[in-house]
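The structure appears right after this line, and notes come after that.
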Amino acid sequence: MKFAVVVFPGSNCDHDAQYATEHVLGQQAELIWHKDTSLRGADAVILPGGFAHGDYLRTGAIARFSPIMQDVKRFADAGGPVLGICNGFQVLLEAGMLPGAMLRNANLHFHCEHVHVRVEQTDTPFTRACSTVRPLKIPVAHGEGNYYAEPDVLARLEQNRQVIFRYVDAAGQATPAANPNGSLNNIAGICNEGRNVVGLMPHPERACELAVGSADGLVLFESAVRAVSEGACAISR
Amino acid sequence: MRARVFVTLKPSVFDPQGTTVAEALHTLGYANVKDVRQGKYFELDIDAASPAEAERVAAEAAAKLLANPVIESYRIEVDAAAHAEMVR
């Protein structure tokens with residue numbers, strides 16, 4: 001299958017995402033500049049981490065005006081799988097493709113460390129092959145990952161099972177101590193109502209080989225490969 | 001015409017930066033500063049026929065881009081003096 005990895009000015013995890021999907025997983029992965037207007041027939045889209053447009057105004061706020069975002073929206077509306085990682089998640093929030101917003105981390109620290117994340121739901125293209133029992137050990141690296149949504153929006157997210165990833169301790173418990181940034185309900189990642197657009201703050205693409213400390217992140221990309229090969233994402237082009 | 005747009009986090013949203021600034025002020029001895037809310041300030045020079053029109057444009061800009069309505073609110077001031085200078 002073919003992944004499209006969108007490159008914004010300031011993206012810095014684009015090559016990691018390409019490496020994980022192409023070199024580690026053996027799939028195709030094409031880097032697509034933000035000024036391009038076509039995803040060129042990709043089966044799944046990754047909005048990578050980094051500092052798109054220098055985080056000017058607010059994280060992700062300017063990226064939604066990048067020309068490629070029109071095709072990303074079209075692709076998502078058609079049911080195509082879209083994964084926003086870290087800054088990519090922030091872009092999806094600012095573009096209105098996922099609900100809520102990011103605040104500065106509660107303790108104002110930039111957190112760069114391995115955390116444990118529990119997969120809450122496996123009925124998304126990026127968690128299809130995941131276990132909900134054993135937490136994933138993957139790194140976070142962000143200053144603004146403190147997920148916020150109005151109480152009614154948060155209640156609806158929980159009710160619709162749109163919380164896909166939660167920060168937990170090594171034993172899998174969602175404790176305040178396991179929450180690196182103050183996110184409501186220990187939320188690390190969510191999906192849209194259609195369940196094909198997923199955003200998360202941790203970096204699965206940085207944890208795809210044991211040589212870098214963990215290979216737990218690979219299962220997200222394996223999930224996408226499985227979802228596409230099994231025809232789970234009916235894209236109406 | 002100049003519009004000033006002040007963007008701040010909504011009262012219901014915790015502002016860790018403002019809290020930290022307040023604590024720093026307390027350390028400097030300003031115990032009477034009870035709370036600080038940090039925000040953003042924008043100056044928009046707008047080609048508009050009236051202050052009302054400038055305010056309408058600024059409000060649209062704030063709602064669509066300058067503020068994130070999920071977490072932020074905004075306040076607008078239109079500067080008539082800046083308008084007079086531009087007319088001269």
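Naming scheme: A, B, ... for chains in displayed order of the structure tokens; residues 1 onward per chain; ligands 1 onward as shown.
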Can you pull out every residue within 10 Å of Gly79 of chain A, counting only C-alpha atoms, but drop anything in the same chain fewer than 2 positions away, and send it as a PDB file with C-alpha atoms, in the first residue's frame?
ATOM      1  CA  LYS A  73     -10.092  16.848   3.879  1.00  0.00           C
ATOM      2  CA  ARG A  74     -11.586  15.388   0.725  1.00  0.00           C
ATOM      3  CA  PHE A  75      -9.759  12.117   1.376  1.00  0.00           C
ATOM      4  CA  ALA A  76     -10.966  12.024   4.991  1.00  0.00           C
ATOM      5  CA  ASP A  77     -14.551  12.869   4.028  1.00  0.00           C
ATOM      6  CA  PRO A  81      -7.537   6.771   6.847  1.00  0.00           C
ATOM      7  CA  VAL A  82      -5.715   9.867   8.179  1.00  0.00           C
ATOM      8  CA  GLY A 194     -16.360   8.390  11.175  1.00  0.00           C
ATOM      9  CA  ARG A 195     -13.450   6.699  13.033  1.00  0.00           C
ATOM     10  CA  ASN A 196     -11.132   7.072   9.986  1.00  0.00           C
ATOM     11  CA  VAL A 197      -9.324  10.214  11.225  1.00  0.00           C
ATOM     12  CA  ALA A 232     -11.888  -1.751   5.853  1.00  0.00           C
ATOM     13  CA  CYS A 233     -11.524   1.790   4.540  1.00  0.00           C
ATOM     14  CA  ALA A 234     -13.974   2.094   1.694  1.00  0.00           C
ATOM     15  CA  ILE A 235     -12.664   5.212  -0.003  1.00  0.00           C
ATOM     16  CA  SER A 236     -15.227   6.685  -2.365  1.00  0.00           C
ATOM     17  CA  ARG A 237     -12.888   8.457  -4.756  1.00  0.00           C
TER      18      ARG A 237
END
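Contacts from chain A to chain B at a cut-off of 8 Å (only C-alpha atoms) map to Leu57, Ala61, Glu94, Gly100, Ala101, Arg104, Asn105, Ala106, Asn107, Leu108, Tyr148, Ala149 and Glu150 of chain A.
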Atoms to include: N, CA and C atoms. Write the selected residues as a PDB file, in the first residue's frame.
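Result file out35.pdb:
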ATOM      1  N   LEU A  57       1.141  31.805  15.552  1.00  0.00           N
ATOM      2  CA  LEU A  57      -0.229  32.040  16.029  1.00  0.00           C
ATOM      3  C   LEU A  57      -0.617  31.005  17.079  1.00  0.00           C
ATOM      4  N   ALA A  61      -2.223  26.118  13.563  1.00  0.00           N
ATOM      5  CA  ALA A  61      -3.242  27.075  13.120  1.00  0.00           C
ATOM      6  C   ALA A  61      -3.079  27.510  11.665  1.00  0.00           C
ATOM      7  N   GLU A  94      -6.974  22.069  14.676  1.00  0.00           N
ATOM      8  CA  GLU A  94      -7.157  23.434  14.166  1.00  0.00           C
ATOM      9  C   GLU A  94      -7.953  23.438  12.857  1.00  0.00           C
ATOM     10  N   GLY A 100     -11.978  19.625  19.786  1.00  0.00           N
ATOM     11  CA  GLY A 100     -11.133  20.001  20.922  1.00  0.00           C
ATOM     12  C   GLY A 100      -9.986  20.907  20.525  1.00  0.00           C
ATOM     13  N   ALA A 101      -9.078  21.133  21.480  1.00  0.00           N
ATOM     14  CA  ALA A 101      -7.927  22.011  21.251  1.00  0.00           C
ATOM     15  C   ALA A 101      -6.811  21.613  22.214  1.00  0.00           C
ATOM     16  N   ARG A 104      -1.108  24.625  26.554  1.00  0.00           N
ATOM     17  CA  ARG A 104       0.258  24.368  27.033  1.00  0.00           C
ATOM     18  C   ARG A 104       0.217  23.251  28.070  1.00  0.00           C
ATOM     19  N   ASN A 105       1.259  22.431  28.120  1.00  0.00           N
ATOM     20  CA  ASN A 105       1.337  21.395  29.140  1.00  0.00           C
ATOM     21  C   ASN A 105       1.109  22.016  30.512  1.00  0.00           C
ATOM     22  N   ALA A 106       0.378  21.316  31.364  1.00  0.00           N
ATOM     23  CA  ALA A 106      -0.065  21.891  32.635  1.00  0.00           C
ATOM     24  C   ALA A 106       1.108  22.422  33.469  1.00  0.00           C
ATOM     25  N   ASN A 107       2.257  21.731  33.421  1.00  0.00           N
ATOM     26  CA  ASN A 107       3.394  22.210  34.221  1.00  0.00           C
ATOM     27  C   ASN A 107       4.372  23.034  33.386  1.00  0.00           C
ATOM     28  N   LEU A 108       3.969  23.396  32.187  1.00  0.00           N
ATOM     29  CA  LEU A 108       4.731  24.259  31.266  1.00  0.00           C
ATOM     30  C   LEU A 108       6.024  23.643  30.748  1.00  0.00           C
ATOM     31  N   TYR A 148      -7.852  19.592  25.562  1.00  0.00           N
ATOM     32  CA  TYR A 148      -9.000  20.243  26.182  1.00  0.00           C
ATOM     33  C   TYR A 148     -10.197  20.198  25.246  1.00  0.00           C
ATOM     34  N   ALA A 149     -11.360  19.964  25.814  1.00  0.00           N
ATOM     35  CA  ALA A 149     -12.619  20.097  25.074  1.00  0.00           C
ATOM     36  C   ALA A 149     -13.683  20.522  26.076  1.00  0.00           C
ATOM     37  N   GLU A 150     -14.699  21.216  25.588  1.00  0.00           N
ATOM     38  CA  GLU A 150     -15.814  21.622  26.447  1.00  0.00           C
ATOM     39  C   GLU A 150     -16.429  20.364  27.073  1.00  0.00           C
TER      40      GLU A 150
END
Discussion item. So that I can see what lies close to Arg75 of chain B, please list as a PyMOL selection string the residues with an atom at most 10 Å from it, counting only C-alpha atoms and leaving out residues fewer than 5 positions away in the same chain.
Written reply: chain B and resi 4-8+41+58-59+62
Would you export the selected residues with C-alpha atoms as a PDB file, in the first residue's frame, please?
ATOM      1  CA  ARG B   4      -6.881  46.126  18.394  1.00  0.00           C
ATOM      2  CA  VAL B   5      -7.759  42.515  19.084  1.00  0.00           C
ATOM      3  CA  PHE B   6      -7.108  41.004  22.511  1.00  0.00           C
ATOM      4  CA  VAL B   7      -7.247  37.212  22.654  1.00  0.00           C
ATOM      5  CA  THR B   8      -7.302  35.416  26.002  1.00  0.00           C
ATOM      6  CA  TYR B  41      -2.545  41.165  21.188  1.00  0.00           C
ATOM      7  CA  ALA B  58     -11.787  42.529  12.983  1.00  0.00           C
ATOM      8  CA  ALA B  59     -14.473  40.419  14.645  1.00  0.00           C
ATOM      9  CA  ALA B  62     -10.784  37.046  15.322  1.00  0.00           C
TER      10      ALA B  62
END
Discussion item. Set the distance at 12 Å and use only C-alpha atoms: which residues neighbour Gly145 of chain A once local chain neighbours fewer than 4 positions away are removed? I'd like the list as JSON, numbers by chain.
Written reply: {"A": [59, 60, 85, 86, 87, 88, 89, 90, 93, 100, 101, 102, 103, 104, 105, 106, 107, 108, 109, 110, 111, 112, 140, 141, 167, 179, 180, 181, 182, 183, 184, 186, 187, 188, 189, 199, 200, 201, 202]}
Discussion item. Report, in Å to a single decimal, how far apart atom CA of Ile62 of chain A and atom CA of Glu43 of chain B are.
Written reply: 18.3 Å
Discussion item. As a ChimeraX atom specification, please: the residues near Arg206 of chain A (cut-off 10 Å, only C-alpha atoms, same-chain neighbours under 3 positions excluded).
Written reply: /A:13,16-17,19-20,138-140,202-203,209,212-218
Writing out the chosen residues with N, CA and C atoms as a CSV table (one decimal), in the first residue's frame:
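The new file again-v9.csv reads:
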chain,number,residue,atom,x,y,z
A,13,CYS,N,9.3,15.2,11.6
A,13,CYS,CA,9.2,13.8,11.8
A,13,CYS,C,8.7,13.1,10.6
A,16,ASP,N,11.0,10.3,9.6
A,16,ASP,CA,10.8,9.1,10.5
A,16,ASP,C,9.5,8.3,10.1
A,17,ALA,N,8.5,9.0,9.8
A,17,ALA,CA,7.2,8.4,9.4
A,17,ALA,C,7.5,7.6,8.1
A,19,TYR,N,10.4,6.4,7.0
A,19,TYR,CA,11.3,5.3,7.4
A,19,TYR,C,10.5,4.2,8.0
A,20,ALA,N,9.6,4.5,8.9
A,20,ALA,CA,8.9,3.4,9.6
A,20,ALA,C,8.0,2.7,8.6
A,138,ILE,N,5.8,4.3,24.0
A,138,ILE,CA,6.2,5.1,22.9
A,138,ILE,C,6.5,6.5,23.4
A,139,PRO,N,7.4,7.3,22.7
A,139,PRO,CA,7.8,8.6,23.3
A,139,PRO,C,6.8,9.7,23.0
A,140,VAL,N,6.8,10.7,23.9
A,140,VAL,CA,6.1,12.0,23.6
A,140,VAL,C,7.2,13.0,23.5
A,202,PRO,N,1.6,11.1,21.3
A,202,PRO,CA,2.8,10.3,21.2
A,202,PRO,C,3.3,10.0,19.8
A,203,HIS,N,4.5,9.6,19.7
A,203,HIS,CA,5.2,9.4,18.4
A,203,HIS,C,5.4,7.9,18.1
A,209,GLU,N,11.6,0.3,16.0
A,209,GLU,CA,12.7,-0.6,16.0
A,209,GLU,C,13.3,-0.7,17.4
A,212,VAL,N,16.0,1.7,18.9
A,212,VAL,CA,15.7,3.0,19.5
A,212,VAL,C,14.9,2.9,20.8
A,213,GLY,N,14.9,1.7,21.4
A,213,GLY,CA,14.3,1.6,22.7
A,213,GLY,C,12.9,0.9,22.8
A,214,SER,N,12.2,0.9,21.6
A,214,SER,CA,10.9,0.3,21.6
A,214,SER,C,10.4,0.2,20.2
A,215,ALA,N,9.7,-0.9,19.9
A,215,ALA,CA,9.2,-1.1,18.6
A,215,ALA,C,7.6,-1.2,18.7
A,216,ASP,N,7.1,-0.6,19.8
A,216,ASP,CA,5.7,-0.7,20.1
A,216,ASP,C,4.8,0.1,19.1
A,217,GLY,N,5.4,1.1,18.5
A,217,GLY,CA,4.7,2.0,17.7
A,217,GLY,C,4.3,1.4,16.3
A,218,LEU,N,5.1,0.4,15.9
A,218,LEU,CA,4.9,-0.1,14.6
A,218,LEU,C,3.5,-0.7,14.3
Discussion item. Give me, as number ranges by chain, the residues of segment 8-161 of chain A that a backbone DSSP run labels alpha helix (DSSP H).
Written reply: A: 14-18, 68-77, 87-94, 151-159
Worksheet item: Among chain B, which ones does DSSP place in strand (DSSP E), written as JSON, numbers by chain?
Response: {"B": [2, 3, 4, 5, 6, 7, 8, 9, 39, 40, 41, 42, 43, 44, 45, 72, 73, 74, 75, 76, 77, 78, 79]}
Discussion item. List as a PyMOL selection string the protein and nucleic acid residues near Pro9 of chain A, meaning an atom at most 8 Å away when only C-alpha atoms are counted, but skip any in the same chain fewer than 3 places from it.
Written reply: chain A and resi 34+51-54
Can I get the selection written as a CSV table (one decimal), in the first residue's frame, with N, CA and C atoms?
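Listed below is the output, result23.csv:
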chain,number,residue,atom,x,y,z
A,34,HIS,N,3.5,20.5,1.2
A,34,HIS,CA,2.2,21.1,1.6
A,34,HIS,C,1.6,22.0,0.5
A,51,PHE,N,6.9,21.3,13.7
A,51,PHE,CA,6.5,22.7,14.1
A,51,PHE,C,6.0,23.4,12.8
A,52,ALA,N,4.9,22.8,12.2
A,52,ALA,CA,4.4,23.4,11.0
A,52,ALA,C,4.3,24.9,11.0
A,53,HIS,N,4.8,25.6,10.0
A,53,HIS,CA,4.7,27.0,10.0
A,53,HIS,C,5.3,27.7,11.2
A,54,GLY,N,6.2,27.0,11.9
A,54,GLY,CA,6.9,27.6,13.0
A,54,GLY,C,6.0,27.7,14.3
Discussion item. Just want the 6 Å neighbourhood of Arg2 of chain B, counted on only C-alpha atoms, with same-chain residues fewer than 6 positions away dropped. Output as a VMD selection string.
Written reply: chain B and resid 44 to 45 78 to 79 82
Worksheet item: By how many Å are atom CA of Ser66 of chain A and atom CA of Leu98 of chain A apart?
Response: 17.3 Å
Worksheet entry | Point-to-point distance in Å for atom CA of Asn192 of chain A and atom CA of Thr122 of chain A | 13.8 Å
